[in-house]
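Asks: Just one file: target.pdb, with PDB, C-alpha atoms, pLDDT in the B column.
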```pdb
ATOM      1  CA  MET A  20      -4.049  23.576  -5.785  1.00 79.00           C
ATOM      2  CA  ALA A  21      -6.787  21.813  -3.843  1.00 94.00           C
ATOM      3  CA  HIS A  22      -5.953  19.504  -0.962  1.00 98.00           C
ATOM      4  CA  THR A  23      -6.883  15.846  -1.387  1.00 98.00           C
ATOM      5  CA  LEU A  24      -7.436  12.907   0.935  1.00 98.00           C
ATOM      6  CA  PRO A  25      -4.235  10.845   1.055  1.00 98.00           C
ATOM      7  CA  PRO A  26      -4.657   7.094   0.534  1.00 98.00           C
ATOM      8  CA  LEU A  27      -3.921   4.830   3.478  1.00 98.00           C
ATOM      9  CA  PRO A  28      -0.683   2.835   3.194  1.00 96.00           C
ATOM     10  CA  TYR A  29      -2.586  -0.317   4.282  1.00 97.00           C
ATOM     11  CA  ALA A  30      -6.077  -1.803   4.105  1.00 97.00           C
ATOM     12  CA  TYR A  31      -8.855  -0.570   6.384  1.00 98.00           C
ATOM     13  CA  ASN A  32      -8.834  -3.888   8.276  1.00 97.00           C
ATOM     14  CA  ALA A  33      -5.034  -4.085   8.548  1.00 97.00           C
ATOM     15  CA  LEU A  34      -4.872  -2.702  12.081  1.00 98.00           C
ATOM     16  CA  GLU A  35      -7.350  -5.143  13.595  1.00 98.00           C
ATOM     17  CA  PRO A  36      -7.894  -6.215  16.295  1.00 97.00           C
ATOM     18  CA  TYR A  37      -6.454  -3.035  17.797  1.00 98.00           C
ATOM     19  CA  ILE A  38      -8.329  -0.576  15.570  1.00 98.00           C
ATOM     20  CA  SER A  39     -11.375  -1.944  13.796  1.00 98.00           C
ATOM     21  CA  SER A  40     -12.030  -1.755  10.083  1.00 98.00           C
ATOM     22  CA  GLU A  41     -15.237   0.173  10.788  1.00 98.00           C
ATOM     23  CA  ILE A  42     -13.387   2.870  12.723  1.00 98.00           C
ATOM     24  CA  MET A  43     -10.645   3.165  10.130  1.00 98.00           C
ATOM     25  CA  THR A  44     -13.118   3.441   7.263  1.00 98.00           C
ATOM     26  CA  LEU A  45     -15.223   6.116   8.955  1.00 98.00           C
ATOM     27  CA  HIS A  46     -12.224   7.972  10.334  1.00 98.00           C
ATOM     28  CA  HIS A  47     -10.481   8.158   6.964  1.00 98.00           C
ATOM     29  CA  THR A  48     -13.313   8.484   4.426  1.00 98.00           C
ATOM     30  CA  LYS A  49     -15.690  10.600   6.512  1.00 98.00           C
ATOM     31  CA  HIS A  50     -13.833  12.564   9.198  1.00 98.00           C
ATOM     32  CA  HIS A  51     -10.572  13.260   7.376  1.00 98.00           C
ATOM     33  CA  GLN A  52     -12.420  13.889   4.112  1.00 98.00           C
ATOM     34  CA  THR A  53     -14.569  16.468   5.907  1.00 98.00           C
ATOM     35  CA  TYR A  54     -11.469  18.338   7.073  1.00 98.00           C
ATOM     36  CA  VAL A  55     -10.089  18.307   3.514  1.00 98.00           C
ATOM     37  CA  ASN A  56     -13.347  19.595   2.032  1.00 98.00           C
ATOM     38  CA  ALA A  57     -13.730  22.321   4.654  1.00 98.00           C
ATOM     39  CA  LEU A  58     -10.090  23.392   4.302  1.00 98.00           C
ATOM     40  CA  ASN A  59     -10.471  23.756   0.541  1.00 98.00           C
ATOM     41  CA  ALA A  60     -13.651  25.766   1.029  1.00 97.00           C
ATOM     42  CA  ALA A  61     -12.034  28.037   3.637  1.00 97.00           C
ATOM     43  CA  GLU A  62      -8.972  28.650   1.454  1.00 97.00           C
ATOM     44  CA  SER A  63     -11.177  29.472  -1.520  1.00 96.00           C
ATOM     45  CA  SER A  64     -13.217  31.914   0.571  1.00 96.00           C
ATOM     46  CA  PHE A  65     -10.029  33.471   1.954  1.00 95.00           C
ATOM     47  CA  GLN A  66      -8.659  34.056  -1.548  1.00 94.00           C
ATOM     48  CA  SER A  67     -11.871  35.733  -2.672  1.00 93.00           C
ATOM     49  CA  ALA A  68     -12.330  37.792   0.509  1.00 95.00           C
ATOM     50  CA  THR A  69     -12.278  41.511  -0.149  1.00 95.00           C
ATOM     51  CA  SER A  70     -11.660  42.877   3.334  1.00 96.00           C
ATOM     52  CA  PRO A  71      -9.488  42.174   6.372  1.00 96.00           C
ATOM     53  CA  LYS A  72     -12.637  41.513   8.391  1.00 97.00           C
ATOM     54  CA  GLN A  73     -13.702  38.748   6.002  1.00 96.00           C
ATOM     55  CA  ARG A  74     -10.235  37.162   6.122  1.00 96.00           C
ATOM     56  CA  ILE A  75     -10.049  37.329   9.913  1.00 96.00           C
ATOM     57  CA  ALA A  76     -13.434  35.592  10.117  1.00 96.00           C
ATOM     58  CA  LEU A  77     -11.958  32.629   8.238  1.00 97.00           C
ATOM     59  CA  ILE A  78      -8.866  32.146  10.404  1.00 96.00           C
ATOM     60  CA  SER A  79     -10.490  29.702  12.832  1.00 96.00           C
ATOM     61  CA  ALA A  80     -11.801  27.520   9.983  1.00 97.00           C
ATOM     62  CA  LEU A  81      -8.377  27.484   8.344  1.00 97.00           C
ATOM     63  CA  LYS A  82      -6.675  26.539  11.621  1.00 97.00           C
ATOM     64  CA  PHE A  83      -9.176  23.840  12.590  1.00 97.00           C
ATOM     65  CA  ASN A  84      -9.539  22.147   9.231  1.00 98.00           C
ATOM     66  CA  GLY A  85      -5.942  22.720   8.181  1.00 98.00           C
ATOM     67  CA  GLY A  86      -4.804  21.192  11.464  1.00 98.00           C
ATOM     68  CA  GLY A  87      -7.200  18.294  10.999  1.00 98.00           C
ATOM     69  CA  HIS A  88      -5.756  17.581   7.563  1.00 98.00           C
ATOM     70  CA  ILE A  89      -2.126  17.899   8.719  1.00 98.00           C
ATOM     71  CA  ASN A  90      -2.630  15.804  11.839  1.00 98.00           C
ATOM     72  CA  HIS A  91      -4.548  12.996  10.170  1.00 98.00           C
ATOM     73  CA  SER A  92      -2.155  12.795   7.225  1.00 98.00           C
ATOM     74  CA  LEU A  93       0.629  12.255   9.754  1.00 98.00           C
ATOM     75  CA  PHE A  94      -1.501   9.897  11.876  1.00 98.00           C
ATOM     76  CA  TRP A  95      -2.091   7.362   9.087  1.00 98.00           C
ATOM     77  CA  GLU A  96       1.658   7.107   8.500  1.00 98.00           C
ATOM     78  CA  ASN A  97       2.149   6.726  12.276  1.00 97.00           C
ATOM     79  CA  LEU A  98       0.329   3.395  12.127  1.00 98.00           C
ATOM     80  CA  ALA A  99       1.214  -0.006  10.678  1.00 98.00           C
ATOM     81  CA  PRO A 100      -0.140  -3.549  10.923  1.00 98.00           C
ATOM     82  CA  ALA A 101       0.923  -5.250  14.151  1.00 97.00           C
ATOM     83  CA  SER A 102       4.074  -7.347  14.238  1.00 93.00           C
ATOM     84  CA  GLU A 103       2.096 -10.550  14.851  1.00 88.00           C
ATOM     85  CA  LYS A 104       0.503  -9.941  11.428  1.00 88.00           C
ATOM     86  CA  GLY A 105       3.875  -9.467   9.796  1.00 90.00           C
ATOM     87  CA  GLY A 106       3.856  -5.686   9.990  1.00 92.00           C
ATOM     88  CA  ALA A 107       6.091  -3.100  11.589  1.00 93.00           C
ATOM     89  CA  GLY A 108       3.516  -2.000  14.164  1.00 97.00           C
ATOM     90  CA  GLY A 109       4.643  -1.933  17.761  1.00 97.00           C
ATOM     91  CA  VAL A 110       8.268  -2.798  17.019  1.00 96.00           C
ATOM     92  CA  ILE A 111      11.008  -0.367  18.003  1.00 97.00           C
ATOM     93  CA  ASN A 112      14.424  -1.426  16.777  1.00 96.00           C
ATOM     94  CA  ASP A 113      17.787  -0.351  18.151  1.00 97.00           C
ATOM     95  CA  GLY A 114      18.669   3.029  16.722  1.00 97.00           C
ATOM     96  CA  PRO A 115      18.689   6.777  17.416  1.00 97.00           C
ATOM     97  CA  LEU A 116      15.025   6.977  18.464  1.00 98.00           C
ATOM     98  CA  LYS A 117      15.166   4.079  20.902  1.00 98.00           C
ATOM     99  CA  LYS A 118      18.415   5.425  22.339  1.00 97.00           C
ATOM    100  CA  ALA A 119      16.844   8.862  22.847  1.00 98.00           C
ATOM    101  CA  ILE A 120      13.752   7.339  24.482  1.00 98.00           C
ATOM    102  CA  PHE A 121      15.943   5.410  26.936  1.00 98.00           C
ATOM    103  CA  GLU A 122      17.941   8.557  27.712  1.00 97.00           C
ATOM    104  CA  GLU A 123      14.785  10.539  28.450  1.00 98.00           C
ATOM    105  CA  TRP A 124      12.498   7.978  30.143  1.00 98.00           C
ATOM    106  CA  GLY A 125      14.668   4.979  31.020  1.00 98.00           C
ATOM    107  CA  SER A 126      12.690   2.413  29.025  1.00 98.00           C
ATOM    108  CA  VAL A 127      10.147   2.139  26.232  1.00 98.00           C
ATOM    109  CA  ASP A 128       7.493   1.017  28.726  1.00 98.00           C
ATOM    110  CA  ASP A 129       8.081   4.066  30.911  1.00 98.00           C
ATOM    111  CA  PHE A 130       7.890   6.282  27.833  1.00 98.00           C
ATOM    112  CA  LYS A 131       4.522   4.756  26.896  1.00 98.00           C
ATOM    113  CA  LYS A 132       3.217   5.257  30.443  1.00 98.00           C
ATOM    114  CA  ALA A 133       4.279   8.919  30.412  1.00 98.00           C
ATOM    115  CA  PHE A 134       2.783   9.459  26.942  1.00 98.00           C
ATOM    116  CA  ASN A 135      -0.527   7.846  27.898  1.00 98.00           C
ATOM    117  CA  ALA A 136      -0.747   9.816  31.144  1.00 98.00           C
ATOM    118  CA  ALA A 137      -0.206  13.108  29.329  1.00 98.00           C
ATOM    119  CA  THR A 138      -2.691  12.221  26.591  1.00 98.00           C
ATOM    120  CA  LEU A 139      -5.337  11.120  29.099  1.00 97.00           C
ATOM    121  CA  GLY A 140      -4.977  14.546  30.708  1.00 97.00           C
ATOM    122  CA  ILE A 141      -6.457  16.261  27.652  1.00 97.00           C
ATOM    123  CA  GLN A 142      -9.750  17.911  28.513  1.00 94.00           C
ATOM    124  CA  GLY A 143     -12.164  17.109  25.701  1.00 93.00           C
ATOM    125  CA  SER A 144     -10.617  16.365  22.323  1.00 97.00           C
ATOM    126  CA  GLY A 145      -7.055  16.702  21.095  1.00 98.00           C
ATOM    127  CA  TRP A 146      -3.811  14.954  20.257  1.00 98.00           C
ATOM    128  CA  GLY A 147      -0.973  13.379  22.195  1.00 98.00           C
ATOM    129  CA  TRP A 148       2.484  13.871  20.701  1.00 98.00           C
ATOM    130  CA  LEU A 149       6.037  12.690  20.840  1.00 98.00           C
ATOM    131  CA  GLY A 150       8.101  15.500  19.375  1.00 98.00           C
ATOM    132  CA  ALA A 151      11.687  16.604  19.043  1.00 98.00           C
ATOM    133  CA  ASP A 152      12.767  20.111  19.982  1.00 97.00           C
ATOM    134  CA  LYS A 153      15.261  22.189  18.016  1.00 94.00           C
ATOM    135  CA  LYS A 154      18.150  20.524  19.861  1.00 95.00           C
ATOM    136  CA  GLY A 155      16.887  17.003  19.164  1.00 95.00           C
ATOM    137  CA  LYS A 156      15.580  16.432  22.692  1.00 97.00           C
ATOM    138  CA  LEU A 157      12.436  14.293  22.873  1.00 98.00           C
ATOM    139  CA  VAL A 158       9.329  15.759  24.496  1.00 98.00           C
ATOM    140  CA  ILE A 159       5.833  14.519  25.232  1.00 98.00           C
ATOM    141  CA  THR A 160       3.192  17.167  24.742  1.00 98.00           C
ATOM    142  CA  THR A 161      -0.447  17.626  23.737  1.00 98.00           C
ATOM    143  CA  THR A 162      -2.514  19.928  21.572  1.00 98.00           C
ATOM    144  CA  ALA A 163      -6.195  20.780  21.863  1.00 97.00           C
ATOM    145  CA  ASN A 164      -8.823  20.160  19.208  1.00 97.00           C
ATOM    146  CA  GLN A 165      -7.101  19.856  15.811  1.00 97.00           C
ATOM    147  CA  ASP A 166      -4.205  22.180  16.584  1.00 97.00           C
ATOM    148  CA  PRO A 167      -1.085  20.887  14.829  1.00 97.00           C
ATOM    149  CA  LEU A 168       2.243  20.548  16.603  1.00 97.00           C
ATOM    150  CA  LEU A 169       4.147  23.699  15.646  1.00 96.00           C
ATOM    151  CA  ASP A 170       6.867  24.122  18.287  1.00 95.00           C
ATOM    152  CA  TYR A 171       8.395  20.658  17.816  1.00 97.00           C
ATOM    153  CA  THR A 172       9.037  18.203  15.006  1.00 97.00           C
ATOM    154  CA  PRO A 173       6.157  15.698  15.260  1.00 98.00           C
ATOM    155  CA  LEU A 174       7.371  12.112  15.527  1.00 98.00           C
ATOM    156  CA  ILE A 175       4.269  10.296  16.800  1.00 98.00           C
ATOM    157  CA  GLY A 176       0.769  11.746  17.059  1.00 98.00           C
ATOM    158  CA  VAL A 177      -2.188   9.946  18.629  1.00 98.00           C
ATOM    159  CA  ASP A 178      -5.721  11.117  17.944  1.00 98.00           C
ATOM    160  CA  ILE A 179      -7.777  11.230  21.157  1.00 98.00           C
ATOM    161  CA  TRP A 180     -10.982  12.513  19.536  1.00 98.00           C
ATOM    162  CA  GLU A 181     -13.858  10.111  20.224  1.00 97.00           C
ATOM    163  CA  HIS A 182     -14.257   9.337  16.524  1.00 97.00           C
ATOM    164  CA  ALA A 183     -10.846   7.621  16.699  1.00 98.00           C
ATOM    165  CA  PHE A 184     -11.905   4.989  19.237  1.00 98.00           C
ATOM    166  CA  TYR A 185     -15.489   5.222  20.539  1.00 97.00           C
ATOM    167  CA  LEU A 186     -17.100   2.561  18.310  1.00 98.00           C
ATOM    168  CA  GLN A 187     -14.644   0.001  19.670  1.00 98.00           C
ATOM    169  CA  TYR A 188     -13.520   1.220  23.089  1.00 98.00           C
ATOM    170  CA  LYS A 189     -16.553   3.318  24.123  1.00 97.00           C
ATOM    171  CA  ASN A 190     -15.437   5.891  26.702  1.00 94.00           C
ATOM    172  CA  VAL A 191     -12.516   3.814  28.016  1.00 97.00           C
ATOM    173  CA  LYS A 192      -9.629   5.897  26.692  1.00 97.00           C
ATOM    174  CA  PRO A 193      -6.949   3.968  28.630  1.00 98.00           C
ATOM    175  CA  ASP A 194      -7.840   0.770  26.736  1.00 98.00           C
ATOM    176  CA  TYR A 195      -7.552   2.573  23.399  1.00 98.00           C
ATOM    177  CA  LEU A 196      -4.195   4.063  24.350  1.00 98.00           C
ATOM    178  CA  ALA A 197      -2.900   0.691  25.572  1.00 98.00           C
ATOM    179  CA  ALA A 198      -3.981  -0.967  22.327  1.00 98.00           C
ATOM    180  CA  ILE A 199      -2.650   1.595  19.878  1.00 98.00           C
ATOM    181  CA  TRP A 200       0.985   0.891  20.768  1.00 98.00           C
ATOM    182  CA  HIS A 201       0.601  -2.473  19.013  1.00 98.00           C
ATOM    183  CA  VAL A 202       0.157  -0.605  15.725  1.00 98.00           C
ATOM    184  CA  ILE A 203       2.434   2.415  16.188  1.00 98.00           C
ATOM    185  CA  ASN A 204       4.943   2.621  13.355  1.00 98.00           C
ATOM    186  CA  PHE A 205       8.193   3.354  15.179  1.00 98.00           C
ATOM    187  CA  GLN A 206      10.110   2.989  11.908  1.00 97.00           C
ATOM    188  CA  GLU A 207       8.294   6.028  10.516  1.00 97.00           C
ATOM    189  CA  ALA A 208       8.897   7.902  13.771  1.00 98.00           C
ATOM    190  CA  GLU A 209      12.603   7.113  13.566  1.00 98.00           C
ATOM    191  CA  LYS A 210      12.755   8.432   9.983  1.00 97.00           C
ATOM    192  CA  ARG A 211      11.290  11.720  11.193  1.00 97.00           C
ATOM    193  CA  TYR A 212      13.649  11.840  14.159  1.00 98.00           C
ATOM    194  CA  THR A 213      16.708  11.069  12.036  1.00 97.00           C
ATOM    195  CA  ALA A 214      15.698  13.792   9.576  1.00 96.00           C
ATOM    196  CA  ALA A 215      15.234  16.270  12.435  1.00 95.00           C
ATOM    197  CA  ILE A 216      18.586  15.627  14.112  1.00 94.00           C
ATOM    198  CA  SER A 217      20.426  15.637  10.772  1.00 92.00           C
ATOM    199  CA  LYS A 218      19.641  19.359  10.553  1.00 84.00           C
ATOM    200  CA  LEU A 219      21.307  20.160  13.880  1.00 77.00           C
TER     201      LEU A 219
END
```
When written as structure tokens, how does the structure in this file appear?
Replies:
Amino acid sequence: MAHTLPPLPYAYNALEPYISSEIMTLHHTKHHQTYVNALNAAESSFQSATSPKQRIALISALKFNGGGHINHSLFWENLAPASEKGGAGGVINDGPLKKAIFEEWGSVDDFKKAFNAATLGIQGSGWGWLGADKKGKLVITTTANQDPLLDYTPLIGVDIWEHAFYLQYKNVKPDYLAAIWHVINFQEAEKRYTAAISKL
């Protein structure tokens, strides 16, 4: 069954002023759609390949485009309109996730600082992540390019590819990372965390 572009759970302009409508439209309809199309093409070629050599040659395309599709599908759900617009963005309520963040970093602000520092350390393009390990412990980590987070349960992923911010923030990544917290959907992150720790 072919992969398809998931619809956004909000309008393209819903995350303004923190992420512009232009960026969201291009990011979703052009960049993510390209990953979906290329993943479908790579999977089709893999299925019709007649030799191990042909299949091996397709591995990088499957990883890159498959990761791009996985990461972006998660990313859209990671975001929500900001609280000042009546949305859930930027609001972290009392609960298991907030408690775990305080246990690990002391405060939400210190968590954000640690996350941003790690994400700014990415050389080139990649993703910053808040994940949960197999014991439920929170970790901040990064992946290069479109590599998905495989060793941890992904709770929050932030795209640090230039297509995610350049039209609005130019090359000033710290401004983009400071702004995105206003539209991070902590409620969705808590759902993922609760599901992860329920399996312990």
Asks: For Tyr54 of chain A, work out the shell of residues within 8 Å, counting all atoms listed in the file and skipping chain neighbours fewer than 2 positions away, then give it as a tab-separated table (two decimals) with C-alpha atoms, in the frame of the given file.
Replies:
```tsv
chain	number	residue	atom	x	y	z
A	50	HIS	CA	-13.83	12.56	9.20
A	51	HIS	CA	-10.57	13.26	7.38
A	52	GLN	CA	-12.42	13.89	4.11
A	56	ASN	CA	-13.35	19.60	2.03
A	57	ALA	CA	-13.73	22.32	4.65
A	58	LEU	CA	-10.09	23.39	4.30
A	84	ASN	CA	-9.54	22.15	9.23
A	85	GLY	CA	-5.94	22.72	8.18
A	87	GLY	CA	-7.20	18.29	11.00
A	88	HIS	CA	-5.76	17.58	7.56
```
Asks: Mind telling me what the PyMOL selection byres ((chain A and resi 128-143) around 12) catches here, as a ChimeraX atom specification?
Replies: /A:109,111,116-127,144-150,157-165,175-181,190-201,203
Asks: Determine the residue membership of the PyMOL selection byres ((chain A and resi 216) around 12) for the file above and supply it as a VMD selection string.
Replies: chain A and resid 115 to 116 119 150 to 157 171 to 172 174 209 to 215 217 to 219
Asks: Could you tell me which of A:Asp170, A:Leu98, A:Val110, A:Lys104 comes closest to Ile38 of chain A if we count only C-alpha atoms?
Replies: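 Once distances to Ile38 of chain A are computed over only C-alpha atoms, the minimum belongs to A:Leu98.
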Asks: Considering all atoms listed in the file, return as a list in words whatever protein or nucleic-acid residues lie within 12 Å of Ala60 of chain A, sequence-local ones (same chain, fewer than 5 positions apart) excluded.
Replies: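 My reading of the contact set: Met20, Ala21, His22, Thr53, Tyr54, Val55, Phe65, Gln66, Ser67, Leu77, Ala80, Leu81, Asn84 and Gly85 of chain A.
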Asks: Can you give me, as a list in words, the residues this file yields under the PyMOL selection byres ((chain A and resi 36) around 10)?
Replies: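 Here the PyMOL selection byres ((chain A and resi 36) around 10) matches Asn32, Ala33, Leu34, Glu35, Tyr37, Ile38, Ser39, Ser40, Pro100, Ala101, Gln187, Ala198, His201 and Val202 of chain A.
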Asks: Quote the spacing between atom CA of Asp113 of chain A and atom CA of His91 of chain A in Å to one decimal place.
Replies: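 Rounded to one decimal, the two atoms are 27.2 Å apart.
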Asks: To one decimal place in Å, what is the distance between atom CA of Thr44 of chain A and atom CA of Gly105 of chain A?
Replies: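 Separation between atom CA of Thr44 of chain A and atom CA of Gly105 of chain A: 21.5 Å.
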Asks: Please report the interatomic distance between atom CA of Glu96 of chain A and atom CA of Tyr188 of chain A in Å with one decimal.
Replies: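 Computing it gives 21.9 Å between the two atoms.
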Asks: Which of these residues is nearest to Ala99 of chain A, using all atoms listed in the file: A:Ala30, A:Pro173, A:Glu62, A:Leu24?
Replies: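 Among A:Ala30, A:Pro173, A:Glu62, A:Leu24, it is A:Ala30 that comes nearest to Ala99 of chain A.
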Asks: Would you mind completing segment 69-79 of chain A to all heavy atoms and writing the output as a PDB file, in the frame of the given file?
Replies:
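What follows is the written file part_37.pdb:
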```
ATOM      1  N   THR A  69     -12.617  40.161   0.319  1.00 95.00           N
ATOM      2  CA  THR A  69     -12.278  41.511  -0.149  1.00 95.00           C
ATOM      3  C   THR A  69     -11.956  42.480   0.976  1.00 95.00           C
ATOM      4  O   THR A  69     -11.698  43.655   0.719  1.00 95.00           O
ATOM      5  CB  THR A  69     -13.442  42.081  -0.981  1.00 95.00           C
ATOM      6  OG1 THR A  69     -14.639  42.077  -0.189  1.00 95.00           O
ATOM      7  CG2 THR A  69     -13.669  41.242  -2.245  1.00 95.00           C
ATOM      8  N   SER A  70     -11.961  41.990   2.213  1.00 96.00           N
ATOM      9  CA  SER A  70     -11.660  42.877   3.334  1.00 96.00           C
ATOM     10  C   SER A  70     -10.928  42.117   4.424  1.00 96.00           C
ATOM     11  O   SER A  70     -11.063  40.887   4.532  1.00 96.00           O
ATOM     12  CB  SER A  70     -12.954  43.471   3.906  1.00 96.00           C
ATOM     13  OG  SER A  70     -13.688  42.473   4.606  1.00 96.00           O
ATOM     14  N   PRO A  71     -10.150  42.830   5.240  1.00 96.00           N
ATOM     15  CA  PRO A  71      -9.488  42.174   6.372  1.00 96.00           C
ATOM     16  C   PRO A  71     -10.478  41.488   7.312  1.00 96.00           C
ATOM     17  O   PRO A  71     -10.192  40.415   7.850  1.00 96.00           O
ATOM     18  CB  PRO A  71      -8.762  43.327   7.068  1.00 96.00           C
ATOM     19  CG  PRO A  71      -8.529  44.330   5.992  1.00 96.00           C
ATOM     20  CD  PRO A  71      -9.736  44.243   5.102  1.00 96.00           C
ATOM     21  N   LYS A  72     -11.625  42.097   7.504  1.00 97.00           N
ATOM     22  CA  LYS A  72     -12.637  41.513   8.391  1.00 97.00           C
ATOM     23  C   LYS A  72     -13.078  40.143   7.883  1.00 97.00           C
ATOM     24  O   LYS A  72     -13.223  39.189   8.659  1.00 97.00           O
ATOM     25  CB  LYS A  72     -13.839  42.451   8.502  1.00 97.00           C
ATOM     26  CG  LYS A  72     -14.912  41.952   9.463  1.00 97.00           C
ATOM     27  CD  LYS A  72     -16.053  42.959   9.581  1.00 97.00           C
ATOM     28  CE  LYS A  72     -17.122  42.457  10.541  1.00 97.00           C
ATOM     29  NZ  LYS A  72     -18.235  43.431  10.668  1.00 97.00           N
ATOM     30  N   GLN A  73     -13.293  40.028   6.573  1.00 96.00           N
ATOM     31  CA  GLN A  73     -13.702  38.748   6.002  1.00 96.00           C
ATOM     32  C   GLN A  73     -12.598  37.704   6.168  1.00 96.00           C
ATOM     33  O   GLN A  73     -12.871  36.532   6.468  1.00 96.00           O
ATOM     34  CB  GLN A  73     -14.045  38.920   4.525  1.00 96.00           C
ATOM     35  CG  GLN A  73     -15.335  39.694   4.275  1.00 96.00           C
ATOM     36  CD  GLN A  73     -15.573  39.925   2.792  1.00 96.00           C
ATOM     37  OE1 GLN A  73     -14.657  39.944   1.982  1.00 96.00           O
ATOM     38  NE2 GLN A  73     -16.837  40.115   2.417  1.00 96.00           N
ATOM     39  N   ARG A  74     -11.352  38.106   5.986  1.00 96.00           N
ATOM     40  CA  ARG A  74     -10.235  37.162   6.122  1.00 96.00           C
ATOM     41  C   ARG A  74     -10.060  36.717   7.570  1.00 96.00           C
ATOM     42  O   ARG A  74      -9.831  35.540   7.844  1.00 96.00           O
ATOM     43  CB  ARG A  74      -8.950  37.806   5.597  1.00 96.00           C
ATOM     44  CG  ARG A  74      -8.978  38.083   4.093  1.00 96.00           C
ATOM     45  CD  ARG A  74      -7.629  38.541   3.579  1.00 96.00           C
ATOM     46  NE  ARG A  74      -7.703  38.902   2.168  1.00 96.00           N
ATOM     47  CZ  ARG A  74      -7.882  40.133   1.718  1.00 96.00           C
ATOM     48  NH1 ARG A  74      -7.989  41.146   2.576  1.00 96.00           N
ATOM     49  NH2 ARG A  74      -7.951  40.375   0.429  1.00 96.00           N
ATOM     50  N   ILE A  75     -10.178  37.663   8.490  1.00 96.00           N
ATOM     51  CA  ILE A  75     -10.049  37.329   9.913  1.00 96.00           C
ATOM     52  C   ILE A  75     -11.127  36.335  10.325  1.00 96.00           C
ATOM     53  O   ILE A  75     -10.876  35.411  11.119  1.00 96.00           O
ATOM     54  CB  ILE A  75     -10.117  38.609  10.773  1.00 96.00           C
ATOM     55  CG1 ILE A  75      -8.836  39.436  10.563  1.00 96.00           C
ATOM     56  CG2 ILE A  75     -10.292  38.266  12.254  1.00 96.00           C
ATOM     57  CD1 ILE A  75      -8.903  40.821  11.143  1.00 96.00           C
ATOM     58  N   ALA A  76     -12.326  36.488   9.773  1.00 96.00           N
ATOM     59  CA  ALA A  76     -13.434  35.592  10.117  1.00 96.00           C
ATOM     60  C   ALA A  76     -13.173  34.156   9.680  1.00 96.00           C
ATOM     61  O   ALA A  76     -13.799  33.220  10.198  1.00 96.00           O
ATOM     62  CB  ALA A  76     -14.731  36.102   9.486  1.00 96.00           C
ATOM     63  N   LEU A  77     -12.246  33.968   8.758  1.00 97.00           N
ATOM     64  CA  LEU A  77     -11.958  32.629   8.238  1.00 97.00           C
ATOM     65  C   LEU A  77     -10.778  31.952   8.933  1.00 97.00           C
ATOM     66  O   LEU A  77     -10.513  30.773   8.696  1.00 97.00           O
ATOM     67  CB  LEU A  77     -11.669  32.715   6.732  1.00 97.00           C
ATOM     68  CG  LEU A  77     -12.873  33.054   5.848  1.00 97.00           C
ATOM     69  CD1 LEU A  77     -12.405  33.534   4.485  1.00 97.00           C
ATOM     70  CD2 LEU A  77     -13.792  31.843   5.724  1.00 97.00           C
ATOM     71  N   ILE A  78     -10.080  32.686   9.783  1.00 96.00           N
ATOM     72  CA  ILE A  78      -8.866  32.146  10.404  1.00 96.00           C
ATOM     73  C   ILE A  78      -9.143  30.879  11.207  1.00 96.00           C
ATOM     74  O   ILE A  78      -8.398  29.890  11.123  1.00 96.00           O
ATOM     75  CB  ILE A  78      -8.186  33.207  11.296  1.00 96.00           C
ATOM     76  CG1 ILE A  78      -7.664  34.377  10.448  1.00 96.00           C
ATOM     77  CG2 ILE A  78      -7.049  32.594  12.103  1.00 96.00           C
ATOM     78  CD1 ILE A  78      -6.617  33.987   9.435  1.00 96.00           C
ATOM     79  N   SER A  79     -10.217  30.874  11.988  1.00 96.00           N
ATOM     80  CA  SER A  79     -10.490  29.702  12.832  1.00 96.00           C
ATOM     81  C   SER A  79     -10.790  28.475  11.976  1.00 96.00           C
ATOM     82  O   SER A  79     -10.373  27.358  12.312  1.00 96.00           O
ATOM     83  CB  SER A  79     -11.641  29.985  13.797  1.00 96.00           C
ATOM     84  OG  SER A  79     -12.839  30.279  13.084  1.00 96.00           O
TER      85      SER A  79
END
```
